[in-house]
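What follows is the content of structure-v4.csv (CSV, C-alpha atoms).
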```
chain,number,residue,atom,x,y,z
A,1,MET,CA,-19.9,3.9,5.9
A,2,ALA,CA,-17.5,2.7,8.6
A,3,GLY,CA,-16.7,4.4,11.8
A,4,ALA,CA,-14.8,7.7,11.8
A,5,GLU,CA,-11.6,5.9,13.0
A,6,ILE,CA,-11.6,3.6,10.0
A,7,GLU,CA,-12.4,6.4,7.6
A,8,ARG,CA,-9.5,8.3,8.9
A,9,LEU,CA,-7.2,5.3,8.7
A,10,ILE,CA,-8.3,4.8,5.1
A,11,ARG,CA,-7.7,8.5,4.3
A,12,LEU,CA,-4.2,8.3,5.8
A,13,LEU,CA,-3.3,5.1,4.0
A,14,ALA,CA,-4.4,6.5,0.7
A,15,LYS,CA,-1.8,9.2,1.0
A,16,LEU,CA,1.0,6.6,0.8
A,17,PRO,CA,2.7,6.3,-2.6
A,18,GLY,CA,1.4,3.3,-4.5
A,19,LEU,CA,-1.9,3.2,-2.6
A,20,GLY,CA,-5.1,4.7,-4.0
A,21,PRO,CA,-8.5,5.0,-2.3
A,22,ARG,CA,-9.4,1.4,-3.3
A,23,SER,CA,-6.2,-0.3,-2.2
A,24,ALA,CA,-6.2,1.8,1.0
A,25,ARG,CA,-9.7,0.4,1.8
A,26,ARG,CA,-8.5,-3.1,1.1
A,27,ALA,CA,-5.5,-2.6,3.3
A,28,ALA,CA,-7.5,-1.1,6.1
A,29,LEU,CA,-10.0,-3.9,5.9
A,30,HIS,CA,-7.3,-6.4,6.0
A,31,MET,CA,-5.8,-4.7,9.1
A,32,VAL,CA,-9.1,-4.5,10.9
A,33,LYS,CA,-9.8,-8.2,10.2
A,34,HIS,CA,-6.3,-9.2,11.4
A,35,LYS,CA,-5.9,-6.7,14.2
A,36,ASP,CA,-3.5,-8.6,16.4
A,37,ARG,CA,-1.5,-10.2,13.6
A,38,THR,CA,-1.2,-7.1,11.3
A,39,MET,CA,-2.4,-3.8,12.6
A,40,ALA,CA,-0.9,-4.0,16.1
A,41,PRO,CA,2.6,-4.9,15.1
A,42,LEU,CA,2.5,-2.3,12.3
A,43,ALA,CA,1.3,0.4,14.7
A,44,ARG,CA,4.1,-0.4,17.1
A,45,ALA,CA,6.7,-0.5,14.3
A,46,MET,CA,5.5,2.9,13.1
A,47,THR,CA,5.4,4.5,16.5
A,48,GLU,CA,8.9,3.2,17.2
A,49,ALA,CA,10.2,4.5,13.8
A,50,VAL,CA,8.6,7.9,14.4
A,51,GLU,CA,10.6,8.1,17.7
A,52,LYS,CA,13.9,6.6,16.6
A,53,VAL,CA,14.5,7.0,12.9
A,54,GLY,CA,16.2,10.1,11.6
A,55,ALA,CA,18.6,11.3,8.9
A,56,CYS,CA,22.3,10.5,9.3
A,57,SER,CA,24.1,13.8,9.8
A,58,LEU,CA,27.1,12.5,7.7
A,59,CYS,CA,25.6,10.9,4.7
A,60,GLY,CA,21.8,11.7,4.8
A,61,ASN,CA,20.8,8.0,5.0
A,62,VAL,CA,17.9,7.2,7.3
A,63,ASP,CA,18.6,5.1,10.4
A,64,THR,CA,18.0,4.8,14.1
A,65,ALA,CA,21.6,5.7,14.8
A,66,ASP,CA,23.4,8.9,13.9
A,67,PRO,CA,25.9,8.5,12.2
A,68,CYS,CA,24.1,5.7,10.5
A,69,GLY,CA,25.1,2.0,10.4
A,70,ILE,CA,26.8,2.3,7.1
A,71,CYS,CA,28.9,5.4,8.1
A,72,THR,CA,30.1,3.6,11.3
A,73,ASP,CA,30.7,0.2,9.7
A,74,PRO,CA,34.4,-0.4,10.0
A,75,ARG,CA,34.3,-3.0,7.2
A,76,ARG,CA,33.3,-0.4,4.7
A,77,ASP,CA,35.9,1.5,2.8
A,78,PRO,CA,36.0,5.2,3.9
A,79,ALA,CA,38.1,6.1,0.8
A,80,VAL,CA,35.1,5.8,-1.7
A,81,LEU,CA,32.0,7.9,-1.6
A,82,CYS,CA,29.0,7.0,-3.7
A,83,VAL,CA,26.7,10.0,-4.4
A,84,VAL,CA,23.0,9.1,-4.8
A,85,GLU,CA,19.9,11.3,-5.2
A,86,GLU,CA,17.6,9.6,-2.6
A,87,VAL,CA,17.7,7.1,0.2
A,88,GLY,CA,15.8,4.7,-2.1
A,89,ASP,CA,18.7,4.8,-4.5
A,90,LEU,CA,21.0,3.9,-1.6
A,91,TRP,CA,18.8,1.0,-0.7
A,92,ALA,CA,18.9,-0.2,-4.3
A,93,MET,CA,22.7,-0.1,-4.3
A,94,GLU,CA,22.8,-2.0,-1.1
A,95,ARG,CA,20.4,-4.7,-2.5
A,96,ALA,CA,22.8,-5.1,-5.5
A,97,ALA,CA,25.6,-5.4,-2.9
A,98,VAL,CA,28.2,-4.1,-5.4
A,99,PHE,CA,29.5,-1.2,-3.4
A,100,ARG,CA,31.4,-1.5,-0.1
A,101,GLY,CA,32.3,2.2,0.4
A,102,ARG,CA,30.2,4.9,2.0
A,103,TYR,CA,27.4,7.0,0.6
A,104,HIS,CA,26.3,10.6,0.3
A,105,VAL,CA,22.6,11.2,-0.2
A,106,LEU,CA,21.9,14.5,-2.0
A,107,GLY,CA,18.2,14.6,-1.2
A,108,GLY,CA,17.1,15.3,-4.8
A,109,THR,CA,18.4,17.0,-8.0
A,110,LEU,CA,19.2,20.5,-8.9
A,111,SER,CA,16.2,22.3,-10.3
A,112,ALA,CA,16.1,26.0,-11.0
A,113,LEU,CA,12.3,25.8,-11.6
A,114,ASP,CA,11.6,24.3,-8.2
A,115,GLY,CA,14.2,26.6,-6.5
A,116,VAL,CA,16.5,23.7,-5.6
A,117,GLY,CA,20.1,24.9,-5.6
A,118,PRO,CA,23.3,23.3,-4.4
A,119,ASP,CA,22.7,24.4,-0.8
A,120,GLU,CA,19.4,22.6,-0.7
A,121,LEU,CA,21.1,19.4,-1.8
A,122,ARG,CA,23.8,18.7,0.7
A,123,ILE,CA,26.4,19.5,-2.0
A,124,PRO,CA,28.5,21.8,0.3
A,125,ALA,CA,28.6,18.8,2.8
A,126,LEU,CA,29.7,16.6,0.0
A,127,GLU,CA,32.5,19.0,-0.9
A,128,ARG,CA,33.7,19.0,2.7
A,129,ARG,CA,33.7,15.2,2.8
A,130,ALA,CA,35.4,14.8,-0.6
A,131,SER,CA,38.2,17.2,0.6
A,132,GLU,CA,39.1,15.0,3.5
A,133,PRO,CA,42.5,13.3,2.9
A,134,ALA,CA,41.0,9.8,3.6
A,135,VAL,CA,38.6,10.1,0.5
A,136,GLY,CA,40.2,9.1,-2.8
A,137,GLU,CA,37.2,8.6,-5.1
A,138,VAL,CA,33.7,10.0,-5.5
A,139,ILE,CA,31.3,7.8,-7.6
A,140,LEU,CA,28.4,9.8,-9.1
A,141,ALA,CA,25.4,7.5,-9.1
A,142,THR,CA,22.7,10.0,-9.8
A,143,ASN,CA,19.8,8.7,-12.0
A,144,ALA,CA,20.4,8.5,-15.7
A,145,THR,CA,17.7,11.3,-16.2
A,146,VAL,CA,18.4,14.8,-17.5
A,147,GLU,CA,18.1,16.1,-13.9
A,148,GLY,CA,20.3,13.4,-12.4
A,149,GLN,CA,23.0,13.8,-15.1
A,150,THR,CA,22.9,17.6,-14.8
A,151,THR,CA,23.3,17.4,-11.1
A,152,GLY,CA,26.2,14.9,-11.6
A,153,HIS,CA,28.0,17.2,-14.0
A,154,TYR,CA,27.6,20.1,-11.6
A,155,ILE,CA,29.1,18.1,-8.8
A,156,ALA,CA,31.9,16.9,-10.9
A,157,ASP,CA,32.7,20.6,-11.7
A,158,ARG,CA,32.6,21.6,-8.0
A,159,LEU,CA,34.9,18.7,-7.1
A,160,ALA,CA,37.4,19.5,-9.8
A,161,ASP,CA,39.8,21.0,-7.3
A,162,ALA,CA,39.1,18.7,-4.3
A,163,GLY,CA,41.9,16.4,-5.2
A,164,VAL,CA,39.7,13.3,-5.6
A,165,ARG,CA,39.0,11.0,-8.6
A,166,VAL,CA,35.4,11.6,-9.8
A,167,THR,CA,33.8,8.8,-11.6
A,168,ALA,CA,30.2,8.0,-12.8
A,169,LEU,CA,28.2,4.8,-13.3
A,170,ALA,CA,28.5,3.4,-16.9
A,171,HIS,CA,25.6,3.8,-19.3
A,172,GLY,CA,24.7,1.0,-21.7
A,173,VAL,CA,22.4,-1.9,-22.4
A,174,PRO,CA,20.8,-3.2,-19.2
A,175,VAL,CA,21.7,-6.8,-18.4
A,176,GLY,CA,18.9,-9.0,-19.9
A,177,GLY,CA,17.8,-6.1,-22.1
A,178,GLU,CA,16.7,-6.6,-25.7
A,179,LEU,CA,17.9,-4.1,-28.2
A,180,ASP,CA,14.6,-4.0,-29.9
A,181,TYR,CA,13.0,-2.6,-26.8
A,182,LEU,CA,15.7,-0.1,-25.9
A,183,ASP,CA,15.4,3.7,-26.5
A,184,ASP,CA,17.8,5.5,-28.9
A,185,GLY,CA,19.6,7.3,-26.1
A,186,THR,CA,20.6,4.0,-24.4
A,187,LEU,CA,21.7,2.4,-27.6
A,188,THR,CA,23.8,5.5,-28.5
A,189,ALA,CA,25.4,5.5,-25.1
A,190,ALA,CA,26.1,1.8,-25.3
A,191,MET,CA,27.6,2.1,-28.8
A,192,LYS,CA,29.8,5.1,-27.8
A,193,ALA,CA,31.1,3.3,-24.7
A,194,ARG,CA,31.7,0.0,-26.6
A,195,ARG,CA,34.7,-2.0,-25.3
A,196,ALA,CA,37.2,-4.4,-26.9
A,197,LEU,CA,36.6,-8.1,-26.1
B,1,MET,CA,20.6,-1.9,4.3
B,2,ALA,CA,18.5,0.4,6.6
B,3,GLY,CA,18.2,0.0,10.3
B,4,ALA,CA,16.4,-3.0,11.8
B,5,GLU,CA,13.4,-0.8,12.7
B,6,ILE,CA,12.9,0.3,9.1
B,7,GLU,CA,13.5,-3.3,7.8
B,8,ARG,CA,10.7,-4.5,10.1
B,9,LEU,CA,8.4,-1.7,9.0
B,10,ILE,CA,9.0,-2.6,5.4
B,11,ARG,CA,8.4,-6.3,6.1
B,12,LEU,CA,5.1,-5.5,7.9
B,13,LEU,CA,3.9,-3.2,5.2
B,14,ALA,CA,4.7,-5.8,2.5
B,15,LYS,CA,2.1,-8.1,4.1
B,16,LEU,CA,-0.8,-5.7,3.4
B,17,PRO,CA,-2.9,-6.6,0.4
B,18,GLY,CA,-1.9,-4.7,-2.7
B,19,LEU,CA,1.6,-3.9,-1.4
B,20,GLY,CA,4.7,-5.9,-2.5
B,21,PRO,CA,8.2,-5.6,-1.3
B,22,ARG,CA,8.9,-2.7,-3.7
B,23,SER,CA,5.9,-0.6,-2.9
B,24,ALA,CA,6.4,-1.4,0.8
B,25,ARG,CA,9.9,0.1,0.5
B,26,ARG,CA,8.5,3.2,-1.3
B,27,ALA,CA,5.8,3.6,1.3
B,28,ALA,CA,8.2,3.2,4.2
B,29,LEU,CA,10.7,5.7,2.7
B,30,HIS,CA,7.8,8.2,2.2
B,31,MET,CA,6.8,7.8,5.8
B,32,VAL,CA,10.3,8.1,7.1
B,33,LYS,CA,10.8,11.3,5.0
B,34,HIS,CA,7.5,12.8,6.2
B,35,LYS,CA,7.5,11.5,9.7
B,36,ASP,CA,5.4,14.2,11.3
B,37,ARG,CA,2.9,14.6,8.4
B,38,THR,CA,2.4,10.9,7.5
B,39,MET,CA,3.9,8.3,9.8
B,40,ALA,CA,2.9,9.8,13.1
B,41,PRO,CA,-0.8,10.3,12.3
B,42,LEU,CA,-0.9,6.9,10.7
B,43,ALA,CA,0.7,5.3,13.7
B,44,ARG,CA,-1.8,7.1,16.0
B,45,ALA,CA,-4.8,6.1,13.8
B,46,MET,CA,-3.7,2.5,13.8
B,47,THR,CA,-3.1,2.3,17.5
B,48,GLU,CA,-6.5,3.8,18.1
B,49,ALA,CA,-8.1,1.4,15.7
B,50,VAL,CA,-6.4,-1.5,17.3
B,51,GLU,CA,-7.9,-0.5,20.6
B,52,LYS,CA,-11.4,0.5,19.5
B,53,VAL,CA,-12.5,-1.2,16.3
B,54,GLY,CA,-14.2,-4.5,16.6
B,55,ALA,CA,-16.9,-6.6,14.9
B,56,CYS,CA,-20.6,-5.7,15.4
B,57,SER,CA,-22.2,-8.5,17.3
B,58,LEU,CA,-25.4,-8.0,15.4
B,59,CYS,CA,-24.4,-7.7,11.7
B,60,GLY,CA,-20.7,-8.5,11.6
B,61,ASN,CA,-19.7,-5.0,10.3
B,62,VAL,CA,-16.5,-3.4,11.7
B,63,ASP,CA,-16.9,-0.3,13.8
B,64,THR,CA,-15.8,1.3,17.0
B,65,ALA,CA,-19.3,0.9,18.5
B,66,ASP,CA,-21.1,-2.4,19.2
B,67,PRO,CA,-23.8,-2.6,17.8
B,68,CYS,CA,-22.4,-0.7,14.9
B,69,GLY,CA,-23.5,2.7,13.6
B,70,ILE,CA,-25.6,1.2,10.9
B,71,CYS,CA,-27.5,-1.2,13.2
B,72,THR,CA,-28.3,1.6,15.7
B,73,ASP,CA,-29.2,4.2,13.0
B,74,PRO,CA,-32.9,4.9,13.6
B,75,ARG,CA,-33.2,6.3,10.0
B,76,ARG,CA,-32.4,2.8,8.6
B,77,ASP,CA,-35.3,0.4,7.9
B,78,PRO,CA,-35.1,-2.5,10.3
B,79,ALA,CA,-37.5,-4.5,8.1
B,80,VAL,CA,-34.9,-5.2,5.3
B,81,LEU,CA,-31.7,-7.2,5.8
B,82,CYS,CA,-29.0,-7.2,3.1
B,83,VAL,CA,-26.7,-10.3,3.2
B,84,VAL,CA,-23.2,-9.7,2.0
B,85,GLU,CA,-20.1,-11.9,2.1
B,86,GLU,CA,-17.5,-9.4,3.5
B,87,VAL,CA,-17.3,-6.0,5.2
B,88,GLY,CA,-15.8,-4.7,1.9
B,89,ASP,CA,-19.0,-5.6,0.1
B,90,LEU,CA,-21.0,-3.7,2.8
B,91,TRP,CA,-18.7,-0.7,2.2
B,92,ALA,CA,-19.3,-1.0,-1.6
B,93,MET,CA,-23.1,-1.0,-1.0
B,94,GLU,CA,-22.8,2.0,1.3
B,95,ARG,CA,-20.8,3.9,-1.3
B,96,ALA,CA,-23.5,3.2,-3.9
B,97,ALA,CA,-26.0,4.5,-1.3
B,98,VAL,CA,-28.9,2.5,-2.8
B,99,PHE,CA,-29.8,0.6,0.4
B,100,ARG,CA,-31.3,2.1,3.5
B,101,GLY,CA,-31.9,-1.1,5.5
B,102,ARG,CA,-29.5,-3.1,7.7
B,103,TYR,CA,-26.8,-5.6,6.8
B,104,HIS,CA,-25.7,-9.1,7.7
B,105,VAL,CA,-22.1,-9.9,6.9
B,106,LEU,CA,-21.5,-13.6,6.4
B,107,GLY,CA,-17.7,-13.5,6.7
B,108,GLY,CA,-17.1,-15.5,3.5
B,109,THR,CA,-18.8,-18.2,1.4
B,110,LEU,CA,-19.5,-21.9,2.0
B,111,SER,CA,-16.6,-24.1,1.0
B,112,ALA,CA,-16.5,-27.8,1.7
B,113,LEU,CA,-12.9,-27.9,0.6
B,114,ASP,CA,-11.8,-25.2,3.1
B,115,GLY,CA,-14.1,-26.6,5.8
B,116,VAL,CA,-16.3,-23.6,5.9
B,117,GLY,CA,-19.8,-24.7,6.8
B,118,PRO,CA,-22.9,-22.7,7.8
B,119,ASP,CA,-21.8,-22.3,11.4
B,120,GLU,CA,-18.6,-20.6,10.4
B,121,LEU,CA,-20.5,-18.1,8.3
B,122,ARG,CA,-22.9,-16.5,10.8
B,123,ILE,CA,-25.8,-18.2,9.0
B,124,PRO,CA,-27.5,-19.3,12.2
B,125,ALA,CA,-27.4,-15.7,13.4
B,126,LEU,CA,-28.9,-14.7,10.1
B,127,GLU,CA,-31.7,-17.2,10.6
B,128,ARG,CA,-32.5,-15.8,14.0
B,129,ARG,CA,-32.5,-12.2,12.7
B,130,ALA,CA,-34.7,-13.2,9.7
B,131,SER,CA,-37.2,-14.9,12.0
B,132,GLU,CA,-37.8,-11.7,14.0
B,133,PRO,CA,-41.3,-10.3,13.3
B,134,ALA,CA,-39.8,-6.9,12.4
B,135,VAL,CA,-37.9,-8.3,9.4
B,136,GLY,CA,-39.9,-8.6,6.2
B,137,GLU,CA,-37.3,-9.1,3.5
B,138,VAL,CA,-33.8,-10.6,3.2
B,139,ILE,CA,-31.8,-9.4,0.1
B,140,LEU,CA,-29.1,-11.8,-0.9
B,141,ALA,CA,-26.2,-9.7,-2.2
B,142,THR,CA,-23.5,-12.3,-2.2
B,143,ASN,CA,-21.0,-12.0,-5.1
B,144,ALA,CA,-22.0,-13.3,-8.6
B,145,THR,CA,-19.4,-16.1,-8.4
B,146,VAL,CA,-20.1,-19.8,-8.1
B,147,GLU,CA,-19.2,-19.7,-4.4
B,148,GLY,CA,-21.3,-16.6,-3.7
B,149,GLN,CA,-24.3,-17.9,-5.6
B,150,THR,CA,-24.1,-21.4,-4.0
B,151,THR,CA,-24.0,-19.7,-0.6
B,152,GLY,CA,-27.0,-17.5,-1.6
B,153,HIS,CA,-29.1,-20.5,-2.7
B,154,TYR,CA,-28.2,-22.4,0.5
B,155,ILE,CA,-29.4,-19.4,2.6
B,156,ALA,CA,-32.6,-19.1,0.6
B,157,ASP,CA,-33.3,-22.8,1.4
B,158,ARG,CA,-32.6,-22.2,5.1
B,159,LEU,CA,-34.9,-19.2,5.2
B,160,ALA,CA,-37.8,-20.9,3.3
B,161,ASP,CA,-39.8,-21.4,6.5
B,162,ALA,CA,-38.7,-18.1,8.3
B,163,GLY,CA,-41.7,-16.2,7.0
B,164,VAL,CA,-39.6,-13.6,5.1
B,165,ARG,CA,-39.4,-12.6,1.5
B,166,VAL,CA,-36.0,-13.7,0.1
B,167,THR,CA,-34.7,-11.7,-2.9
B,168,ALA,CA,-31.4,-11.5,-4.7
B,169,LEU,CA,-29.6,-8.8,-6.7
B,170,ALA,CA,-30.4,-8.8,-10.4
B,171,HIS,CA,-27.9,-10.1,-12.9
B,172,GLY,CA,-27.4,-8.4,-16.2
B,173,VAL,CA,-25.3,-6.0,-18.3
B,174,PRO,CA,-23.4,-3.6,-16.1
B,175,VAL,CA,-24.3,0.0,-16.6
B,176,GLY,CA,-21.8,1.4,-19.1
B,177,GLY,CA,-20.9,-2.1,-20.2
B,178,GLU,CA,-20.4,-3.0,-23.9
B,179,LEU,CA,-21.9,-6.3,-25.1
B,180,ASP,CA,-18.7,-7.1,-27.1
B,181,TYR,CA,-16.7,-7.2,-23.9
B,182,LEU,CA,-19.1,-9.2,-21.8
B,183,ASP,CA,-18.8,-12.8,-21.0
B,184,ASP,CA,-21.4,-15.4,-22.1
B,185,GLY,CA,-22.7,-16.0,-18.6
B,186,THR,CA,-23.6,-12.3,-18.1
B,187,LEU,CA,-25.2,-12.0,-21.6
B,188,THR,CA,-27.2,-15.2,-20.9
B,189,ALA,CA,-28.4,-13.9,-17.6
B,190,ALA,CA,-29.3,-10.5,-19.1
B,191,MET,CA,-31.2,-12.2,-21.9
B,192,LYS,CA,-33.1,-14.5,-19.6
B,193,ALA,CA,-34.0,-11.6,-17.2
B,194,ARG,CA,-35.1,-9.2,-20.1
B,195,ARG,CA,-37.9,-6.9,-19.2
B,196,ALA,CA,-40.7,-5.2,-21.2
B,197,LEU,CA,-40.2,-1.5,-21.9
```
For this file, write the structure as structure tokens.
Amino acid sequence: MAGAEIERLIRLLAKLPGLGPRSARRAALHMVKHKDRTMAPLARAMTEAVEKVGACSLCGNVDTADPCGICTDPRRDPAVLCVVEEVGDLWAMERAAVFRGRYHVLGGTLSALDGVGPDELRIPALERRASEPAVGEVILATNATVEGQTTGHYIADRLADAGVRVTALAHGVPVGGELDYLDDGTLTAAMKARRAL
Amino acid sequence: MAGAEIERLIRLLAKLPGLGPRSARRAALHMVKHKDRTMAPLARAMTEAVEKVGACSLCGNVDTADPCGICTDPRRDPAVLCVVEEVGDLWAMERAAVFRGRYHVLGGTLSALDGVGPDELRIPALERRASEPAVGEVILATNATVEGQTTGHYIADRLADAGVRVTALAHGVPVGGELDYLDDGTLTAAMKARRAL
């Protein structure tokens, strides 16, 4: 239908998460119609990102600098490490702006089925970082899924002798959540962890 | 949260139709994680498209060639012009593969409110093309919306003296459609245009 270049653009866009063939076509058409305003800056931004962006060798965050901006930020507390599964989780924590320490991105969860062991997950690096005298607490912020919690428990075991306090995010009723719509697991967790007022 | 380059990439991605801030973040993260497989080819495809893709001066289609591949395809019937609102509609017709003539992309619909008159819509160019002796039929394939139909009727009026047959897509029950879920307008149109079996 369109030229080979546009077809290829659509095919590549359709591979992005959240974009199917239909939305890829819409996005491609939008870009072609607003070449200078949309496609050219995006192409430049991507080319630049391809060249510059990489993983932080300390925490696994993605950034143009290595170590990344968070690891080198002197205003952030080096005594607390927050362990997350993926960079997207790190971004979510940063958006919430509740954490002013540093991160450690695992890169996934343990999975015997998929052959993902501790060495694939930057867990040895976490052990080394947690053993540094400057680090006093490791907060496990893996997802509240079976895989995330399993990985969290495994890490807690590995860090038992590292001389750091190991904590985990609280489970409970999400803020704004209605009991009627909550699953049993969340309600059970919230009930067990109830607190005195 | 991430480096300035990634922030900018997310902001630009979020401007694409169908992508909000959340899906733009997911797409950006996916690209950063699969730089060589996803981001680099996409950046190249876009850079290439920015340089090469433009509007066909004959029909308004987007292509790397001008006139476009459809206008210059000798297997396509030059006697029939199909008038569509946007390039996306042309792509939809091509996917259905029911039309083997040539196109004329208006670039929108008439809208007094938005100051879109016939001269903004490539209607004069359509008039010129329709008056060529080689052209025998103009098929109006504007959308079945109030704006699309108004534009279609206006074009039919303008082409009254051009010496071409002017036709329009049929209205009726969509194939696979259930009467119970159809709107009154479609049912009325289908009833009015009923045919003998």
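Interatomic distance, CA of Val173 in chain A to CA of Thr142 in chain A: 17.3 Å.
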Interatomic distance between CA of Val164 in chain A and CA of Pro118 in chain A? 19.2 Å
Closest pair table for chain B residues within 6 Å of chain A, only C-alpha atoms, as CSV:
```
residue,atom,partner,partner_atom,distance
B:Met1,CA,A:Glu94,CA,5.8
B:Gly3,CA,A:Asp63,CA,5.1
B:Leu9,CA,A:Ala45,CA,5.7
B:Leu16,CA,A:Ala27,CA,5.6
B:Pro17,CA,A:Ala27,CA,5.6
B:Ala27,CA,A:Pro17,CA,5.7
B:Ala43,CA,A:Ala43,CA,5.0
B:Ala45,CA,A:Leu9,CA,5.7
B:Met46,CA,A:Ala43,CA,5.5
B:Thr47,CA,A:Ala43,CA,5.6
B:Asp63,CA,A:Gly3,CA,5.1
B:Glu94,CA,A:Met1,CA,5.8
```
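Contact shell of range 132-136 of chain A at 8 Å (all atoms listed in the file; same-chain neighbours under 2 positions omitted): Pro78, Ala79, Val80, Leu81, Arg128, Arg129, Ala130, Val138, Gly163, Val164 and Arg165 of chain A.
The space between CA of Gly108 in chain A and CA of Gly148 in chain A spans 8.5 Å.
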Quick one: everything within 9 Å of Arg158 in chain B, counting all atoms listed in the file, minus sequence neighbours fewer than 4 positions away in the same chain. Send it as JSON, numbers by chain. {"B": [123, 127, 153, 154, 162]}
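Remark: for Thr186 in chain A, the closest of the candidate residues A:Ser57, A:Ser131, A:Thr72, A:Thr145 is A:Thr145 (distances computed over only C-alpha atoms).
Nearest residue to Val98 in chain A, choosing from A:Leu113, A:Ala144, A:Cys82, A:Ala196 and counting all atoms listed in the file: A:Cys82.
With distances restricted to all atoms listed in the file, B:Arg122 is the closest residue to Thr151 in chain B from B:Arg122, B:Arg75, B:His171, B:Arg100.
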Quick one: residues within 8 Å of Ala168 in chain A, only C-alpha atoms, excluding same-chain residues fewer than 6 positions away - as a list in words? Ile139, Leu140 and Ala141 of chain A
